[in-house]
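So this block is my_file-v2.txt, compact mmCIF, C-alpha atoms:
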# COMPACT_ATOMS: atom_id res chain seq x y z
CA MET V 1 0.00 0.00 0.00
CA THR V 2 1.80 3.08 -1.22
CA LYS V 3 -0.94 5.57 -0.50
CA LYS V 4 -0.15 8.69 1.43
CA MET V 5 -1.52 8.57 4.97
CA THR V 6 -4.77 10.45 5.15
CA ASN V 7 -6.35 12.09 8.13
CA LEU V 8 -9.21 9.74 8.94
CA ALA V 9 -11.11 12.38 10.90
CA THR V 10 -11.63 14.44 7.74
CA LEU V 11 -13.10 11.59 5.68
CA ALA V 12 -16.84 11.09 5.30
CA ASP V 13 -18.55 7.96 6.62
CA GLY V 14 -18.90 6.46 3.14
CA GLU V 15 -15.27 7.12 2.35
CA LEU V 16 -14.20 5.43 5.60
CA THR V 17 -16.29 2.37 4.75
CA LYS V 18 -14.81 2.21 1.26
CA LEU V 19 -11.25 2.63 2.59
CA LEU V 20 -11.88 -0.12 5.14
CA ALA V 21 -13.06 -2.54 2.44
CA GLU V 22 -10.08 -1.72 0.20
CA THR V 23 -7.60 -2.10 3.05
CA ARG V 24 -9.06 -5.44 4.11
CA ALA V 25 -8.92 -6.68 0.51
CA THR V 26 -5.29 -5.59 0.22
CA LEU V 27 -4.48 -7.31 3.51
CA ARG V 28 -6.11 -10.50 2.27
CA THR V 29 -4.07 -10.50 -0.94
CA GLU V 30 -0.86 -9.72 0.98
CA ARG V 31 -1.51 -12.58 3.38
CA PHE V 32 -2.01 -15.14 0.63
CA ALA V 33 0.83 -13.79 -1.50
CA ALA V 34 3.19 -14.16 1.45
CA ALA V 35 2.35 -17.86 1.68
CA GLY V 36 3.72 -18.55 -1.80
CA ALA V 37 6.94 -16.58 -1.94
CA ARG V 38 9.06 -14.18 0.03
CA PRO V 39 7.26 -10.82 0.19
CA LYS V 40 8.92 -7.54 -0.83
CA ASP V 41 7.83 -5.75 2.33
CA SER V 42 7.53 -8.07 5.28
CA ASN V 43 5.94 -5.31 7.39
CA ALA V 44 3.09 -4.66 4.94
CA PRO V 45 0.54 -6.91 6.71
CA ALA V 46 1.27 -5.27 10.06
CA LYS V 47 0.87 -1.80 8.56
CA LEU V 48 -2.42 -2.82 6.95
CA ARG V 49 -3.75 -4.28 10.20
CA LYS V 50 -2.91 -1.04 11.99
CA THR V 51 -4.70 0.95 9.29
CA VAL V 52 -7.79 -1.25 9.66
CA ALA V 53 -7.70 -0.71 13.43
CA ARG V 54 -7.41 3.06 12.99
CA ILE V 55 -10.41 3.12 10.64
CA LEU V 56 -12.51 0.99 12.99
CA THR V 57 -11.52 3.21 15.92
CA GLU V 58 -12.61 6.33 14.03
CA GLN V 59 -15.93 4.71 13.05
CA ARG V 60 -16.56 3.70 16.68
CA ALA V 61 -15.71 7.19 17.94
CA ARG V 62 -18.18 8.70 15.47
CA ALA V 63 -20.87 6.24 16.53
CA LEU V 64 -20.37 7.17 20.18
CA ARG V 65 -20.47 10.89 19.40
CA THR V 66 -23.83 10.62 17.64
CA ALA V 67 -25.39 8.31 20.23
Take the structure in this file and express it as C-alpha cells.
Amino acid sequence: MTKKMTNLATLADGELTKLLAETRATLRTERFAAAGARPKDSNAPAKLRKTVARILTEQRARALRTA
C-alpha cells in the first residue's frame, strides 16, 4: 500500500467504509501472496492491520459521538 496517509477524521462515513473494504482486501491478498513466496515488504501486513484498526476506531468514535 503506497498511499499517502490520510487524516481519517476528515473523511466522510462512506469514504471510511470504502477505505476499510479496500484495506481489508489488500491485507487479504498480501496474506495469501506471502504464503507462496518471500514478500517484498515483510511489514506490509502489520501496517495494513494497523490501518484497519485506525479506521474501525474512528468509526466507533463517530458512533459514540452521535449516540
Checklist entry - So which residues touch Ala9 of chain V within 10 Å, counting only C-alpha atoms, skipping near sequence neighbours fewer than 3 positions away, as a VMD selection string? => result chain V and resid 6 12 to 13 16 55 58 to 59 61 to 62
At a cut-off of 9 Å, using all atoms listed in the file, what residues contact segment 36-50 of chain V? Leave out same-chain residues fewer than 6 positions from it and give the result as an mmCIF file with C-alpha atoms, in the coordinates of the input.
data_model
loop_
_atom_site.group_PDB
_atom_site.id
_atom_site.type_symbol
_atom_site.label_atom_id
_atom_site.label_comp_id
_atom_site.auth_asym_id
_atom_site.auth_seq_id
_atom_site.Cartn_x
_atom_site.Cartn_y
_atom_site.Cartn_z
ATOM 1 C CA MET V 1 0.000 0.000 0.000
ATOM 2 C CA THR V 23 -7.600 -2.100 3.050
ATOM 3 C CA ARG V 24 -9.060 -5.440 4.110
ATOM 4 C CA THR V 26 -5.290 -5.590 0.220
ATOM 5 C CA LEU V 27 -4.480 -7.310 3.510
ATOM 6 C CA ARG V 28 -6.110 -10.500 2.270
ATOM 7 C CA GLU V 30 -0.860 -9.720 0.980
#
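Computed from the coordinates, the atom CA of Thr51 of chain V to atom CA of Thr29 of chain V distance equals 15.4 Å.
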Checklist outcome for this item: What separates atom CA of Leu11 of chain V and atom CA of Leu64 of chain V is a distance of 16.8 Å
